[in-house]
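The file upload22.txt comes next; it holds compact mmCIF, C-alpha atoms.
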# COMPACT_ATOMS: atom_id res chain seq x y z
CA ASN O 1 19.73 -4.72 27.20
CA VAL O 2 16.83 -4.12 24.81
CA LEU O 3 13.61 -6.07 24.31
CA ILE O 4 11.79 -5.68 20.99
CA ALA O 5 8.21 -6.97 21.07
CA GLY O 6 6.98 -7.79 17.58
CA ALA O 7 10.55 -8.33 16.36
CA GLY O 8 9.38 -10.85 13.77
CA GLY O 9 7.25 -8.19 12.10
CA PHE O 10 8.09 -5.64 9.44
CA ILE O 11 9.11 -2.61 11.52
CA GLY O 12 10.36 -4.81 14.36
CA GLY O 13 12.76 -6.63 12.06
CA HIS O 14 14.28 -3.43 10.73
CA LEU O 15 14.55 -1.98 14.25
CA THR O 16 16.28 -5.13 15.48
CA LYS O 17 18.89 -4.83 12.74
CA LYS O 18 19.51 -1.16 13.51
CA LEU O 19 19.92 -1.69 17.25
CA LEU O 20 22.23 -4.66 16.73
CA ASP O 21 24.35 -2.49 14.42
CA LEU O 22 24.49 0.09 17.22
CA GLY O 23 25.79 -2.52 19.65
CA ALA O 24 22.67 -3.27 21.69
CA ASN O 25 22.09 -6.63 23.37
CA VAL O 26 18.71 -7.47 21.81
CA THR O 27 16.05 -9.89 22.98
CA ALA O 28 13.71 -10.29 19.99
CA ILE O 29 10.22 -11.67 20.68
CA ASP O 30 7.28 -12.45 18.42
CA ILE O 31 4.26 -14.73 18.60
CA LYS O 32 5.04 -16.17 15.15
CA PRO O 33 7.21 -19.27 14.76
CA LEU O 34 10.80 -18.30 13.94
CA ASN O 35 10.53 -19.57 10.35
CA LEU O 36 7.79 -16.96 9.72
CA TRP O 37 9.74 -13.95 10.99
CA PHE O 38 10.34 -11.35 8.29
CA GLN O 39 13.95 -10.98 9.40
CA LYS O 40 15.91 -12.71 12.12
CA PHE O 41 19.49 -12.38 13.23
CA ASN O 42 21.98 -14.80 14.71
CA ASN O 43 23.37 -12.20 17.14
CA SER O 44 20.04 -11.51 18.85
CA ARG O 45 18.20 -13.70 21.35
CA ASN O 46 15.19 -14.85 19.31
CA ILE O 47 12.11 -16.07 21.18
CA THR O 48 8.65 -17.19 20.13
CA SER O 49 6.23 -16.18 22.88
CA ASP O 50 2.70 -14.83 23.39
CA LEU O 51 3.07 -11.45 25.09
CA ARG O 52 -0.67 -11.22 25.66
CA LEU O 53 0.08 -13.32 28.75
CA LEU O 54 1.36 -11.50 31.83
CA GLY O 55 3.62 -14.37 32.88
CA ASN O 56 5.55 -14.22 29.62
CA CYS O 57 5.94 -10.46 29.87
CA MET O 58 7.24 -10.75 33.45
CA LYS O 59 9.68 -13.48 32.44
CA TYR O 60 11.25 -11.81 29.46
CA THR O 61 11.51 -8.26 30.84
CA LYS O 62 13.82 -9.28 33.69
CA ASN O 63 17.20 -7.52 33.37
CA ILE O 64 15.88 -5.48 30.44
CA ASN O 65 16.71 -1.76 30.31
CA TYR O 66 14.59 -0.65 27.37
CA ILE O 67 11.41 -1.96 25.75
CA PHE O 68 10.21 -1.24 22.21
CA ASN O 69 6.62 -2.46 21.88
CA LEU O 70 5.74 -2.93 18.22
CA ALA O 71 3.64 -6.05 18.79
CA CYS O 72 -0.02 -6.09 17.75
CA ASN O 73 -2.44 -7.97 15.55
CA MET O 74 -2.75 -5.79 12.49
CA GLY O 75 -2.50 -5.49 8.73
CA GLY O 76 -3.85 -3.44 5.88
CA MET O 77 -7.36 -2.03 5.69
CA GLY O 78 -8.84 -5.34 4.60
CA PHE O 79 -7.60 -7.02 7.75
CA ILE O 80 -8.36 -4.36 10.37
CA GLU O 81 -11.89 -3.71 9.10
CA ASN O 82 -12.76 -7.41 9.23
CA ASN O 83 -10.95 -8.36 12.46
CA LYS O 84 -11.88 -5.65 14.96
CA ALA O 85 -12.02 -7.95 17.98
CA GLU O 86 -8.65 -9.50 17.18
CA CYS O 87 -7.14 -6.03 16.86
CA MET O 88 -8.63 -4.95 20.20
CA ILE O 89 -7.19 -7.97 22.02
CA SER O 90 -3.71 -6.55 21.33
CA VAL O 91 -4.38 -4.20 24.24
CA LEU O 92 -3.31 -7.11 26.46
CA ILE O 93 0.22 -6.91 25.09
CA ASN O 94 0.65 -3.28 26.07
CA THR O 95 -1.16 -3.76 29.39
CA HIS O 96 1.06 -6.63 30.47
CA LEU O 97 4.30 -5.20 29.08
CA LEU O 98 3.71 -1.95 30.96
CA SER O 99 2.95 -3.85 34.16
CA ALA O 100 6.09 -5.95 33.73
CA ALA O 101 8.16 -2.85 32.94
CA LYS O 102 7.00 -1.29 36.20
CA GLU O 103 7.72 -4.38 38.29
CA ASN O 104 11.10 -5.09 36.68
CA LYS O 105 12.20 -1.45 36.78
CA VAL O 106 12.67 -0.97 33.05
CA LYS O 107 14.22 2.42 32.29
CA LYS O 108 12.20 3.36 29.21
CA PHE O 109 9.19 2.10 27.24
CA PHE O 110 8.40 2.84 23.58
CA PHE O 111 4.90 2.29 22.20
CA SER O 112 4.09 2.17 18.49
CA SER O 113 0.74 3.81 17.89
CA SER O 114 -0.93 4.62 14.59
CA ALA O 115 -2.53 7.38 12.55
CA CYS O 116 -5.69 5.27 12.88
CA VAL O 117 -6.24 7.03 16.23
CA TYR O 118 -7.21 10.27 14.47
CA ASN O 119 -10.78 11.53 14.46
CA THR O 120 -12.41 10.02 11.38
CA ASN O 121 -14.67 13.07 11.00
CA LEU O 122 -11.57 15.04 9.94
CA GLN O 123 -10.74 12.55 7.17
CA LYS O 124 -13.80 12.61 4.92
CA LYS O 125 -12.23 14.45 1.96
CA SER O 126 -9.67 13.09 -0.45
CA PHE O 127 -7.04 15.74 0.24
CA ILE O 128 -6.86 17.15 3.75
CA SER O 129 -4.44 19.21 5.79
CA GLY O 130 -1.89 17.15 7.68
CA LEU O 131 -3.29 15.72 10.90
CA ARG O 132 -1.83 17.33 14.02
CA GLU O 133 -1.32 15.33 17.17
CA SER O 134 -4.15 17.25 18.87
CA ASP O 135 -6.58 16.03 16.17
CA ALA O 136 -6.98 12.70 17.97
CA TYR O 137 -9.47 14.43 20.27
CA PRO O 138 -12.42 14.56 20.58
CA ALA O 139 -11.97 10.82 20.14
CA MET O 140 -13.47 9.11 17.10
CA PRO O 141 -10.72 6.76 15.87
CA GLU O 142 -11.11 3.90 13.40
CA ASP O 143 -13.17 1.19 15.01
CA GLY O 144 -11.26 -1.68 16.56
CA TYR O 145 -7.61 -1.10 15.74
CA GLY O 146 -7.76 2.68 16.20
CA TRP O 147 -9.52 2.45 19.57
CA GLU O 148 -6.97 -0.08 20.84
CA LYS O 149 -4.09 2.21 19.90
CA LEU O 150 -5.71 5.29 21.44
CA PHE O 151 -6.51 3.45 24.67
CA SER O 152 -2.95 2.09 24.85
CA GLU O 153 -1.57 5.60 24.39
CA ARG O 154 -3.55 6.72 27.44
CA MET O 155 -2.33 3.75 29.43
CA CYS O 156 1.29 4.64 28.64
CA ARG O 157 0.67 8.19 29.78
CA HIS O 158 -0.84 7.08 33.09
CA PHE O 159 2.05 4.71 33.80
CA TYR O 160 4.29 7.76 33.39
CA GLU O 161 2.11 9.87 35.68
CA ASP O 162 1.48 7.25 38.36
CA PHE O 163 4.69 5.20 38.33
CA ASN O 164 7.23 7.55 36.69
CA LEU O 165 7.87 5.11 33.83
CA ASP O 166 9.68 6.99 31.07
CA ILE O 167 7.68 6.59 27.84
CA SER O 168 7.76 7.49 24.15
CA ILE O 169 4.78 7.20 21.80
CA ALA O 170 5.03 7.35 17.99
CA ARG O 171 2.03 7.58 15.69
CA PHE O 172 3.08 5.83 12.49
CA HIS O 173 1.63 6.87 9.13
CA ASN O 174 1.64 3.95 6.64
CA ILE O 175 5.18 2.61 6.89
CA TYR O 176 6.35 0.61 3.86
CA GLY O 177 9.48 -0.92 2.33
CA PRO O 178 11.27 -4.26 1.77
CA PHE O 179 11.04 -7.22 4.16
CA GLY O 180 7.35 -6.74 4.82
CA THR O 181 4.08 -8.47 4.01
CA PHE O 182 3.01 -8.17 0.37
CA GLU O 183 0.41 -10.94 0.07
CA GLY O 184 -1.99 -12.98 2.15
CA GLY O 185 -4.44 -10.27 3.25
CA ARG O 186 -2.40 -8.25 5.76
CA GLU O 187 -0.41 -6.20 3.25
CA LYS O 188 -0.82 -2.43 2.96
CA ALA O 189 -1.39 -0.44 -0.22
CA PRO O 190 2.21 0.12 -1.46
CA ALA O 191 3.18 -3.54 -1.07
CA ALA O 192 -0.15 -4.81 -2.41
CA LEU O 193 0.04 -2.61 -5.50
CA CYS O 194 3.71 -3.45 -6.12
CA ARG O 195 2.79 -7.13 -5.99
CA LYS O 196 -0.27 -6.77 -8.24
CA ILE O 197 1.60 -4.75 -10.84
CA SER O 198 4.62 -7.05 -10.79
CA GLN O 199 2.36 -10.09 -11.22
CA ALA O 200 0.57 -8.39 -14.10
CA LYS O 201 3.93 -7.71 -15.73
CA LEU O 202 5.29 -11.22 -15.19
CA ASN O 203 2.04 -12.88 -16.36
CA LYS O 204 1.59 -10.37 -19.21
CA LYS O 205 -2.01 -9.76 -18.11
CA TYR O 206 -2.14 -6.00 -17.88
CA GLU O 207 -5.01 -5.43 -15.49
CA ILE O 208 -5.34 -5.05 -11.73
CA ASP O 209 -8.02 -4.66 -9.07
CA ILE O 210 -8.11 -1.48 -6.99
CA TRP O 211 -10.12 -1.23 -3.79
CA GLY O 212 -12.47 1.75 -3.89
CA ASP O 213 -12.43 4.39 -6.61
CA GLY O 214 -8.71 5.12 -6.24
CA LYS O 215 -9.33 8.70 -5.13
CA GLN O 216 -8.74 8.02 -1.44
CA THR O 217 -5.43 9.50 -0.28
CA ARG O 218 -2.64 8.65 2.15
CA SER O 219 0.95 9.59 2.91
CA PHE O 220 3.53 6.78 3.03
CA LEU O 221 6.80 6.73 4.97
CA TYR O 222 9.78 4.59 3.97
CA ILE O 223 11.02 2.19 6.64
CA ASP O 224 14.54 3.67 7.02
CA ASP O 225 13.09 7.09 7.82
CA CYS O 226 10.70 5.45 10.29
CA ILE O 227 13.55 3.74 12.16
CA ASN O 228 15.48 7.00 12.40
CA GLY O 229 12.37 8.72 13.73
CA ILE O 230 11.90 6.03 16.39
CA LEU O 231 15.47 6.42 17.64
CA ASN O 232 15.31 10.23 17.62
CA LEU O 233 12.14 10.07 19.71
CA PHE O 234 13.60 7.50 22.09
CA GLU O 235 16.51 9.83 22.85
CA THR O 236 14.14 12.55 24.09
CA LYS O 237 12.13 12.98 27.29
CA TYR O 238 9.04 13.88 25.26
CA ILE O 239 6.03 11.89 26.52
CA GLU O 240 3.23 13.08 24.22
CA PRO O 241 2.31 11.09 21.08
CA ILE O 242 4.11 12.40 18.02
CA ASN O 243 3.67 11.80 14.28
CA ILE O 244 6.27 9.74 12.45
CA GLY O 245 5.06 10.02 8.87
CA SER O 246 5.35 11.69 5.50
CA GLU O 247 3.60 14.84 4.34
CA GLU O 248 3.70 13.67 0.68
CA GLN O 249 -0.01 12.93 0.27
CA VAL O 250 -1.07 11.00 -2.84
CA SER O 251 -4.17 9.24 -4.12
CA ILE O 252 -4.20 5.49 -4.69
CA ASN O 253 -4.58 6.22 -8.42
CA GLU O 254 -1.40 8.30 -8.28
CA LEU O 255 0.35 5.53 -6.37
CA VAL O 256 -0.57 3.08 -9.13
CA LYS O 257 0.71 5.48 -11.77
CA ARG O 258 4.08 5.80 -10.05
CA ILE O 259 4.50 2.05 -9.64
CA GLU O 260 3.50 1.53 -13.29
CA LYS O 261 6.34 3.84 -14.29
CA ILE O 262 8.84 2.04 -12.05
CA SER O 263 7.79 -1.38 -13.42
CA LYS O 264 7.96 -0.25 -17.07
CA ILE O 265 4.72 -2.11 -17.66
CA PRO O 266 2.27 -1.20 -20.46
CA LYS O 267 -0.64 0.89 -19.24
CA LEU O 268 -2.88 -1.16 -16.98
CA LYS O 269 -6.60 -1.65 -17.09
CA LYS O 270 -7.96 -0.84 -13.65
CA ARG O 271 -10.96 -2.62 -12.14
CA TYR O 272 -12.36 -0.61 -9.24
CA LYS O 273 -13.86 -2.72 -6.44
CA LEU O 274 -16.20 -0.26 -4.74
CA ASN O 275 -17.48 -2.77 -2.19
CA MET O 276 -14.05 -3.53 -0.67
CA PRO O 277 -12.69 -1.92 2.54
CA LYS O 278 -11.38 1.57 1.89
CA GLY O 279 -10.81 3.22 5.27
CA VAL O 280 -11.01 6.99 5.62
CA ARG O 281 -11.15 9.16 2.52
CA GLY O 282 -7.97 11.15 3.14
CA ARG O 283 -5.05 11.13 5.57
CA SER O 284 -1.66 12.80 5.85
CA SER O 285 0.82 13.68 8.58
CA ASP O 286 1.61 17.09 10.06
CA ASN O 287 5.31 16.89 10.98
CA LYS O 288 5.82 20.25 12.69
CA ASN O 289 6.33 18.64 16.10
CA ALA O 290 8.65 15.98 14.73
CA LEU O 291 10.83 18.67 13.15
CA LYS O 292 10.76 20.97 16.18
CA ILE O 293 11.08 18.43 18.99
CA LEU O 294 12.92 15.51 17.38
CA LYS O 295 14.90 17.44 14.74
CA TRP O 296 13.63 14.72 12.41
CA LYS O 297 12.37 14.81 8.85
CA TYR O 298 12.01 12.12 6.23
CA ASN O 299 14.69 11.97 3.53
CA ILE O 300 13.53 9.26 1.14
CA THR O 301 10.96 10.40 -1.41
CA LEU O 302 7.97 8.28 -2.28
CA ASN O 303 9.38 7.52 -5.73
CA GLU O 304 12.69 6.34 -4.25
CA GLY O 305 11.00 4.20 -1.62
CA LEU O 306 8.59 2.65 -4.10
CA LYS O 307 11.51 1.71 -6.36
CA PHE O 308 13.30 -0.09 -3.51
CA THR O 309 10.05 -1.83 -2.50
CA TYR O 310 8.97 -2.81 -6.01
CA ASP O 311 12.36 -4.26 -6.90
CA TRP O 312 12.44 -6.35 -3.72
CA ILE O 313 8.92 -7.70 -4.25
CA GLU O 314 9.50 -8.48 -7.92
CA ASP O 315 12.76 -10.29 -7.06
CA ASN O 316 10.82 -12.43 -4.58
CA LEU O 317 8.09 -13.21 -7.11
CA ILE O 318 10.63 -14.15 -9.79
CA ASN O 319 12.63 -16.34 -7.41
CA ASN O 320 9.50 -18.07 -6.21
CA ASN O 321 8.36 -18.73 -9.76
CA GLN O 322 11.75 -20.21 -10.56
CA LYS O 323 11.69 -22.45 -7.49
CA ASN O 324 8.00 -23.33 -8.00
CA MET O 325 7.43 -23.10 -4.29
CA LYS O 326 5.23 -21.10 -1.93
CA TYR O 327 6.60 -17.70 -1.00
CA ARG O 328 8.40 -17.51 2.33
CA ILE O 329 9.56 -14.21 3.74
CA SER O 330 11.88 -15.54 6.44
CA LYS O 331 15.51 -14.40 6.06
CA ILE O 332 18.60 -15.33 8.06
CA ILE O 333 21.27 -12.63 8.25
Let me see whether you can do it: turn the structure in this file into structure tokens.
Amino acid sequence: NVLIAGAGGFIGGHLTKKLLDLGANVTAIDIKPLNLWFQKFNNSRNITSDLRLLGNCMKYTKNINYIFNLACNMGGMGFIENNKAECMISVLINTHLLSAAKENKVKKFFFSSSACVYNTNLQKKSFISGLRESDAYPAMPEDGYGWEKLFSERMCRHFYEDFNLDISIARFHNIYGPFGTFEGGREKAPAALCRKISQAKLNKKYEIDIWGDGKQTRSFLYIDDCINGILNLFETKYIEPINIGSEEQVSINELVKRIEKISKIPKLKKRYKLNMPKGVRGRSSDNKNALKILKWKYNITLNEGLKFTYDWIEDNLINNNQKNMKYRISKII
């Protein structure tokens, strides 16, 4: 019996599908109404509930063996820089799920952390060496969202030390792919750029806005590789946080260039918005521990993943234009 918190979200939806395929009995929970879930499945128990409340966590963790906590209030850089308090409040989800896991004798607890926990002083250049797990300390994470994730990591560790709750902690590095947010303010760079470039192509207006000067860098991990990494980690007894990310570091300008090629659009005019949220200057993952401890490495290249993502987003935009209706990302499988 598995509970997935945040099952209506991007990673949560893909994880739900994978665990159902593996034969798990899944309770899927999200704060969003069911019609706003990115994916939902008829063979899971689908519940809308606010897991910031202890009573709800206690109720829905009864008779649960394993918890995957992917629930938090988050989005792309534009959202997390402008909603720090909202991001911090997500600490209640992890606090109450851990407490409920202890009381209801859950066997194992997975927490989804983020590369935003890493010391921002190490990320001031465009291209940097991959961030090792130890680089989270001395602590100087991204304000708001990063602090919440780092604090929640420590809480998981202390529940292991004090109450012997088996834990796993993954630090995700910019996960992307189909069935995720690509508009509305919470989307991350790959989805946002795929949407902007597809709209430019469909509208035949060959120009886009880019936040910052385009020289900031990131590494991006395709969703299928992320799900495999989660399950590899869950099978271990490793309790330290571990990177689940790609080492293929690219600038935003390079990301645009690759999506341009995929879209077959004429060369775009780029308008750089220097006053918009940009985050750290450079970030990439060091995967030595993932390879050594989890025997995991990513298999889908950035070009392959961007092609899958772009095609899915463009299909949605075309279908929505044809139906002349507001985009809805809910899907029944």
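You can rank O:Gly78, O:Asn320, O:Ala85, O:Ser168 by their closest distance to Gly184 (chain O) using only C-alpha atoms, and at the top of that list sits O:Gly78.
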* To do: Would you please work out which residue, of O:Met155, O:Ile4, O:Val250, O:Ile93, is nearest to Arg281 (chain O) when using all atoms listed in the file?
  =>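 The answer is O:Val250, which sits nearest to Arg281 (chain O).
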* Structure fact -> Here CA of Ile47 (chain O) and CA of Phe109 (chain O) stand apart by 19.4 Å
* Asked: At a cut-off of 7 Å from (-10.8, -1.0, -5.7) in the coordinates of the file, what residues are picked up using only C-alpha atoms, written as a list of chain:residue names?
  ->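 I get O:Asp209, O:Ile210, O:Trp211, O:Gly212, O:Asp213, O:Gly214, O:Arg271, O:Tyr272, O:Lys273, O:Leu274, O:Met276 for the residues within 7 Å of that point.
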* Asked: Which one of O:Asn232, O:Ser49, O:Ser99, O:Thr61 sits closest to Tyr160 (chain O) if you count only C-alpha atoms?
  ->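 Checking each candidate against Tyr160 (chain O), we get O:Ser99 as the closest.
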* To do: List the residues sitting within 9 Å of (5.7, 10.3, 21.1) in the file's frame, using only C-alpha atoms, as a ChimeraX atom specification.
  => /O:110-113,167-171,230,233-234,238-244
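Among O:Lys105, O:Lys196, O:Lys215, O:His158, the residue with the shortest atom-to-atom distance to Ile265 (chain O), counting all atoms listed in the file, is O:Lys196.
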* State, in Å with one decimal place, the distance from CA of Asn83 (chain O) to CA of Gln123 (chain O). =>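 If I compute the distance from CA of Asn83 (chain O) to CA of Gln123 (chain O), I get 21.6 Å.
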* O:Tyr137, O:Trp147, O:Tyr222, O:Tyr66 ranked by distance to Lys107 (chain O), top pick (using all atoms listed in the file) ->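 Between O:Tyr137, O:Trp147, O:Tyr222, O:Tyr66, the residue approaching Lys107 (chain O) most closely is O:Tyr66.
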* **Close residues, Gly9 (chain O) itself excluded, 7 Å, all atoms listed in the file, min 3 positions apart in chain, as a list in words** =>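 Counting only the stated atoms, we get Gly6, Gly12, Gly13, Trp37 and Phe38 of chain O.
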* Near Lys188 (chain O), counting only C-alpha atoms, which residues have an atom at most 9 Å away, once you skip same-chain residues fewer than 2 positions from it, shown as a ChimeraX atom specification? -> /O:75-78,174-176,181-182,185-186,190-193
Store the residues picked out above, limited to C-alpha atoms, as a CSV table (one decimal), keeping the file's coordinate frame.
chain,number,residue,atom,x,y,z
O,75,GLY,CA,-2.5,-5.5,8.7
O,76,GLY,CA,-3.8,-3.4,5.9
O,77,MET,CA,-7.4,-2.0,5.7
O,78,GLY,CA,-8.8,-5.3,4.6
O,174,ASN,CA,1.6,4.0,6.6
O,175,ILE,CA,5.2,2.6,6.9
O,176,TYR,CA,6.4,0.6,3.9
O,181,THR,CA,4.1,-8.5,4.0
O,182,PHE,CA,3.0,-8.2,0.4
O,185,GLY,CA,-4.4,-10.3,3.2
O,186,ARG,CA,-2.4,-8.2,5.8
O,190,PRO,CA,2.2,0.1,-1.5
O,191,ALA,CA,3.2,-3.5,-1.1
O,192,ALA,CA,-0.2,-4.8,-2.4
O,193,LEU,CA,0.0,-2.6,-5.5
